[in-house]
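Coordinates from target-v6.txt are shown below (compact mmCIF, C-alpha atoms).
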```txt
# COMPACT_ATOMS: atom_id res chain seq x y z
CA ASN A 1 18.76 46.91 25.03
CA ALA A 2 15.32 47.26 26.63
CA GLY A 3 15.31 43.93 28.51
CA VAL A 4 11.87 43.38 30.05
CA THR A 5 9.25 46.06 29.49
CA GLN A 6 5.90 46.22 31.24
CA THR A 7 2.90 48.32 30.23
CA PRO A 8 1.17 50.14 31.74
CA LYS A 9 3.24 51.36 34.71
CA PHE A 10 0.23 52.53 36.70
CA ARG A 11 -3.48 51.81 36.54
CA VAL A 12 -6.56 52.39 38.65
CA LEU A 13 -9.51 50.07 38.09
CA LYS A 14 -12.99 49.94 39.50
CA THR A 15 -14.14 46.67 41.02
CA GLY A 16 -15.44 44.40 38.28
CA GLN A 17 -13.51 46.01 35.45
CA SER A 18 -11.12 44.03 33.32
CA MET A 19 -7.65 44.79 32.06
CA THR A 20 -4.58 43.23 30.51
CA LEU A 21 -1.00 43.80 31.55
CA LEU A 22 1.59 43.37 28.83
CA CYS A 23 5.11 42.09 29.31
CA ALA A 24 7.60 42.14 26.46
CA GLN A 25 11.18 40.87 26.46
CA ASP A 26 13.79 41.25 23.77
CA MET A 27 16.30 38.70 25.05
CA ASN A 28 14.81 35.68 23.26
CA HIS A 29 14.12 34.08 26.63
CA GLU A 30 12.09 30.89 26.80
CA TYR A 31 10.66 31.32 30.28
CA MET A 32 8.47 34.16 31.46
CA TYR A 33 6.74 34.80 34.78
CA TRP A 34 4.21 37.05 36.45
CA TYR A 35 4.67 37.86 40.14
CA ARG A 36 2.74 40.08 42.48
CA GLN A 37 4.38 41.99 45.31
CA ASP A 38 2.52 42.81 48.48
CA PRO A 39 3.92 44.40 51.64
CA GLY A 40 5.51 41.88 53.98
CA MET A 41 4.97 39.00 51.56
CA GLY A 42 7.77 39.36 49.06
CA LEU A 43 6.97 38.34 45.50
CA ARG A 44 4.59 35.50 44.78
CA LEU A 45 4.30 33.68 41.48
CA ILE A 46 0.96 34.04 39.71
CA HIS A 47 1.48 32.21 36.43
CA TYR A 48 4.42 31.30 34.28
CA SER A 49 5.30 30.03 30.83
CA VAL A 50 8.10 27.74 29.71
CA GLY A 51 7.65 28.50 26.04
CA GLU A 52 5.45 29.98 23.36
CA GLY A 53 1.93 28.63 23.60
CA THR A 54 2.37 27.16 27.10
CA THR A 55 1.26 28.48 30.48
CA ALA A 56 1.07 27.08 33.99
CA LYS A 57 -0.25 28.12 37.39
CA GLY A 58 1.96 29.44 40.08
CA GLU A 59 1.34 29.96 43.76
CA VAL A 60 -1.52 32.49 43.53
CA PRO A 61 -3.29 32.04 40.17
CA ASP A 62 -6.91 32.65 41.15
CA GLY A 63 -8.54 35.61 39.43
CA TYR A 64 -5.89 35.84 36.73
CA ASN A 65 -5.41 34.43 33.26
CA VAL A 66 -2.38 34.52 31.00
CA SER A 67 -1.45 33.97 27.39
CA ARG A 68 1.84 33.48 25.56
CA LEU A 69 0.94 33.67 21.89
CA LYS A 70 4.33 35.06 20.93
CA LYS A 71 7.64 34.11 22.50
CA GLN A 72 8.50 37.68 23.38
CA ASN A 73 5.17 38.59 25.01
CA PHE A 74 3.41 37.36 28.14
CA LEU A 75 0.02 38.84 28.93
CA LEU A 76 -1.66 38.87 32.34
CA GLY A 77 -5.41 39.36 32.39
CA LEU A 78 -7.81 40.31 35.14
CA GLU A 79 -11.34 39.50 34.00
CA SER A 80 -13.17 41.03 36.96
CA ALA A 81 -10.89 43.05 39.19
CA ALA A 82 -11.24 42.90 42.97
CA PRO A 83 -9.72 45.12 45.66
CA SER A 84 -7.62 42.13 46.78
CA GLN A 85 -5.80 42.39 43.45
CA THR A 86 -4.41 45.79 44.36
CA SER A 87 -0.70 45.12 44.15
CA VAL A 88 2.49 45.73 42.25
CA TYR A 89 2.91 43.27 39.41
CA PHE A 90 6.29 42.23 38.09
CA CYS A 91 7.10 40.34 34.95
CA ALA A 92 10.35 38.41 34.64
CA SER A 93 12.09 36.26 32.09
CA THR A 94 14.92 33.74 32.01
CA SER A 95 16.62 31.67 29.38
CA ASN A 96 16.33 27.90 29.54
CA ASN A 97 20.00 27.48 30.24
CA GLN A 98 21.47 26.64 33.60
CA ASN A 99 23.20 29.28 35.66
CA THR A 100 21.08 32.17 34.50
CA GLU A 101 19.19 34.69 36.51
CA ALA A 102 15.74 36.20 36.10
CA PHE A 103 15.45 39.67 34.59
CA PHE A 104 12.62 41.80 35.91
CA GLY A 105 10.52 44.56 34.47
CA GLN A 106 9.97 47.83 36.30
CA GLY A 107 6.58 46.78 37.63
CA THR A 108 2.95 47.81 37.22
CA ARG A 109 1.22 49.41 40.17
CA LEU A 110 -2.45 48.46 40.07
CA THR A 111 -5.09 49.86 42.38
CA VAL A 112 -8.60 48.42 42.41
CA VAL A 113 -11.17 50.64 44.08
CA ALA B 1 7.26 22.94 51.96
CA GLN B 2 9.63 25.16 50.06
CA SER B 3 10.13 28.52 51.68
CA VAL B 4 12.52 31.40 52.21
CA THR B 5 12.67 33.31 55.46
CA GLN B 6 14.19 36.69 56.02
CA PRO B 7 13.88 37.12 59.79
CA ASP B 8 14.50 40.87 59.83
CA ILE B 9 11.72 43.00 58.37
CA HIS B 10 13.56 46.28 58.92
CA ILE B 11 17.18 47.04 59.77
CA THR B 12 18.78 50.40 60.45
CA VAL B 13 22.54 50.83 60.29
CA SER B 14 24.82 53.83 60.41
CA GLU B 15 26.66 54.86 57.29
CA GLY B 16 30.07 53.20 57.27
CA ALA B 17 28.98 50.37 59.52
CA SER B 18 28.97 46.74 58.45
CA LEU B 19 25.81 44.99 57.36
CA GLU B 20 24.51 41.45 57.44
CA LEU B 21 21.08 40.49 56.15
CA ARG B 22 19.90 37.02 57.01
CA CYS B 23 18.26 34.49 54.71
CA ASN B 24 17.25 30.94 55.53
CA TYR B 25 15.64 28.54 53.10
CA SER B 26 13.85 25.25 53.01
CA TYR B 27 14.13 23.59 49.63
CA GLY B 28 14.06 19.99 48.53
CA ALA B 29 16.27 20.20 45.46
CA THR B 30 19.77 21.58 45.10
CA PRO B 31 19.11 25.29 45.37
CA TYR B 32 20.16 28.22 43.31
CA LEU B 33 20.26 31.29 45.55
CA PHE B 34 19.88 34.95 44.75
CA TRP B 35 19.85 38.34 46.38
CA TYR B 36 17.93 41.14 44.70
CA VAL B 37 17.69 44.80 45.67
CA GLN B 38 14.72 47.05 45.05
CA SER B 39 14.91 50.81 45.34
CA PRO B 40 11.63 52.66 45.96
CA GLY B 41 9.37 52.54 42.92
CA GLN B 42 11.84 50.47 40.97
CA GLY B 43 12.13 46.91 39.74
CA LEU B 44 14.45 44.26 41.11
CA GLN B 45 18.16 44.35 40.44
CA LEU B 46 20.29 41.26 40.92
CA LEU B 47 23.05 41.73 43.49
CA LEU B 48 24.56 38.28 43.36
CA LYS B 49 23.81 34.63 42.78
CA TYR B 50 25.02 31.22 43.85
CA PHE B 51 24.71 28.17 41.63
CA SER B 52 27.62 25.96 42.65
CA GLY B 53 31.31 26.03 43.54
CA ASP B 54 32.84 28.54 45.91
CA THR B 55 30.36 29.18 48.69
CA LEU B 56 31.44 32.80 49.10
CA VAL B 57 30.13 34.83 46.18
CA GLN B 58 30.87 38.40 45.29
CA GLY B 59 28.29 40.71 43.82
CA ILE B 60 27.85 44.24 42.65
CA LYS B 61 28.10 47.34 44.82
CA GLY B 62 30.53 45.66 47.22
CA PHE B 63 28.11 43.00 48.47
CA GLU B 64 28.99 39.39 49.17
CA ALA B 65 27.06 36.38 50.40
CA GLU B 66 28.01 33.04 51.86
CA PHE B 67 26.15 29.81 51.20
CA LYS B 68 26.12 27.51 54.23
CA ARG B 69 24.42 24.27 53.33
CA SER B 70 24.54 22.91 56.88
CA GLN B 71 22.62 25.94 58.13
CA SER B 72 20.41 26.36 55.03
CA SER B 73 21.49 29.98 54.96
CA PHE B 74 22.62 32.52 52.41
CA ASN B 75 23.38 35.70 54.33
CA LEU B 76 24.23 38.94 52.56
CA ARG B 77 27.07 41.10 53.85
CA LYS B 78 28.72 44.42 53.15
CA PRO B 79 31.70 45.71 55.15
CA SER B 80 30.80 49.42 54.92
CA VAL B 81 27.31 50.64 54.11
CA HIS B 82 26.69 53.75 52.00
CA TRP B 83 23.59 55.93 52.21
CA SER B 84 22.69 54.83 48.68
CA ASP B 85 22.32 51.25 49.92
CA ALA B 86 19.01 52.14 51.56
CA ALA B 87 16.49 49.91 49.80
CA GLU B 88 14.58 46.67 50.19
CA TYR B 89 16.49 43.44 49.81
CA PHE B 90 15.03 40.13 48.75
CA CYS B 91 16.50 36.67 49.04
CA ALA B 92 15.21 34.11 46.54
CA VAL B 93 15.70 30.42 45.86
CA GLY B 94 15.11 28.34 42.77
CA SER B 95 16.50 25.38 40.92
CA TYR B 96 17.04 24.36 37.34
CA ASN B 97 14.46 21.62 37.47
CA GLN B 98 11.84 24.14 38.60
CA GLY B 99 11.93 25.96 35.28
CA GLY B 100 13.47 29.08 36.73
CA LYS B 101 10.64 29.74 39.16
CA LEU B 102 11.75 31.61 42.24
CA ILE B 103 10.52 31.59 45.80
CA PHE B 104 11.11 34.91 47.51
CA GLY B 105 11.57 35.86 51.10
CA GLN B 106 9.46 38.58 52.63
CA GLY B 107 12.11 41.20 52.16
CA THR B 108 14.28 43.27 54.52
CA GLU B 109 14.05 47.02 54.39
CA LEU B 110 17.38 48.70 55.04
CA SER B 111 17.59 52.23 56.38
CA VAL B 112 20.94 54.03 56.63
CA LYS B 113 21.57 56.69 59.26
CA PRO B 114 23.99 59.51 58.40
```
Translate this file's structure into structure tokens.
Amino acid sequence: NAGVTQTPKFRVLKTGQSMTLLCAQDMNHEYMYWYRQDPGMGLRLIHYSVGEGTTAKGEVPDGYNVSRLKKQNFLLGLESAAPSQTSVYFCASTSNNQNTEAFFGQGTRLTVV
Amino acid sequence: AQSVTQPDIHITVSEGASLELRCNYSYGATPYLFWYVQSPGQGLQLLLKYFSGDTLVQGIKGFEAEFKRSQSSFNLRKPSVHWSDAAEYFCAVGSYNQGGKLIFGQGTELSVKP
């Protein structure tokens, strides 16, 4: 049971380049999330999705776009990377039932130079 | 505003000593509360969670936490720390009507002295 899988695990980008981070879950979860983790700031929500074809902004959405074309996948895009987007990105998913926890991927460490 | 505060950025304890990590929250709705642990270079692993009922919850690896509504706190405890407990610990709060979104504290890094 893979759970939540993120690709790639590491990436170095030059300022202005674009990239897409892929999150895949095999638990048939309705909800999916993208967080970024920065030192001393915990995890902050970038965007989230409550179902296939739906997305919504979180706390820090600027500079990112997302898509949920398939229920099991949630893509995070950076159209023009900036050094401020250097971070560790985590994807998570939950079911739409009460009393359930979020399951997290292993993270993607992104460096923008 | 909704927020989670972990007052201690870094704690060092001796192996075998007891541990308490503090977590305070400000949240308008009835909260669900979580503690996650993150080992270096790894993702987040759920230690325990509180949704309702008994305010003292037991988790994995010998951890427990107590929900105190009057103090808006959800402190994590362990009676005897092991060297393998060295990691970063995150408190998080959410609620069902928030679609599973979580608000995280800043994290507490735990070091364990031999």
**Prompt:** Excluding same-chain residues fewer than 3 positions from range 22-38 of chain A, what lies within 8 Å of it counting all atoms listed in the file, as JSON, numbers by chain?
**Reply:** {"A": [1, 2, 3, 4, 5, 6, 7, 8, 41, 42, 43, 44, 45, 46, 47, 48, 49, 50, 51, 52, 71, 72, 73, 74, 75, 76, 87, 88, 89, 90, 91, 92, 93, 94, 95, 96, 105], "B": [99, 100, 101]}
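Minimum distance to Thr111 in chain A across A:Gln17, A:Thr86, A:Asn65, A:Thr55 (counting only C-alpha atoms) occurs at A:Thr86.
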**Message:** With 6 Å as the limit and counting all atoms listed in the file, what residues in chain B lie close to chain A? Please list them as a list in words.
**Reply:** Gln42, Gly43, Phe104, Gly105, Gln106 and Gly107 of chain B
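The space separating CA of Lys57 in chain A from CA of Ser26 in chain B comes to 21.2 Å.
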Up to 6 Å from (13.0, 49.9, 47.2) in the file's coordinates: name the residues, counting all atoms listed in the file, as a CSV table (one decimal) with C-alpha atoms, keeping the file's coordinate frame.
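Done, and the output landed in point-v3.csv:
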```csv
chain,number,residue,atom,x,y,z
B,38,GLN,CA,14.7,47.0,45.0
B,39,SER,CA,14.9,50.8,45.3
B,40,PRO,CA,11.6,52.7,46.0
B,87,ALA,CA,16.5,49.9,49.8
B,88,GLU,CA,14.6,46.7,50.2
```
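Distance-wise, CA of Gly77 in chain A and CA of Leu110 in chain A end up 12.3 Å apart.
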**Message:** Need to verify the contact set: His10 in chain B, 8 Å, all atoms listed in the file, exclusion of same-chain residues closer than 5 positions in sequence. Can you return it as a list in words?
**Reply:** Thr108, Glu109, Leu110 and Ser111 of chain B
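Here CA of Gly53 in chain B and CA of Asp85 in chain B stand 27.5 Å from one another.
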**Request:** Go ahead and find all residues with at least one atom no further than 12 Å from (33.2, 36.5, 46.2) in the file's coordinates, using all atoms listed in the file; report them as a VMD selection string.
**Result:** chain B and resid 47 to 50 53 to 60 62 to 67 76 to 78
**Prompt:** Which neighbours of Cys91 in chain B fall inside 8 Å, counting all atoms listed in the file, when residues of the same chain fewer than 3 positions from it are skipped, and could you give them as an MDAnalysis selection string?
**Reply:** chainID B and resid 4 6 23 33:36 104:105 107
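With distances restricted to all atoms listed in the file, B:Ser73 is the closest residue to Leu21 in chain B from B:Ser3, B:Ser73, B:Ser84, B:Gln45.
Distances to Asp8 in chain B were evaluated for B:Arg22, B:Gly41, B:Lys61, B:Gly28 using all atoms listed in the file, and the minimum falls at B:Arg22.
When all atoms listed in the file are used to compute distances to Tyr25 in chain B, the closest of the residues B:Gln2, B:Val81, B:Leu102, B:Lys68 turns out to be B:Gln2.
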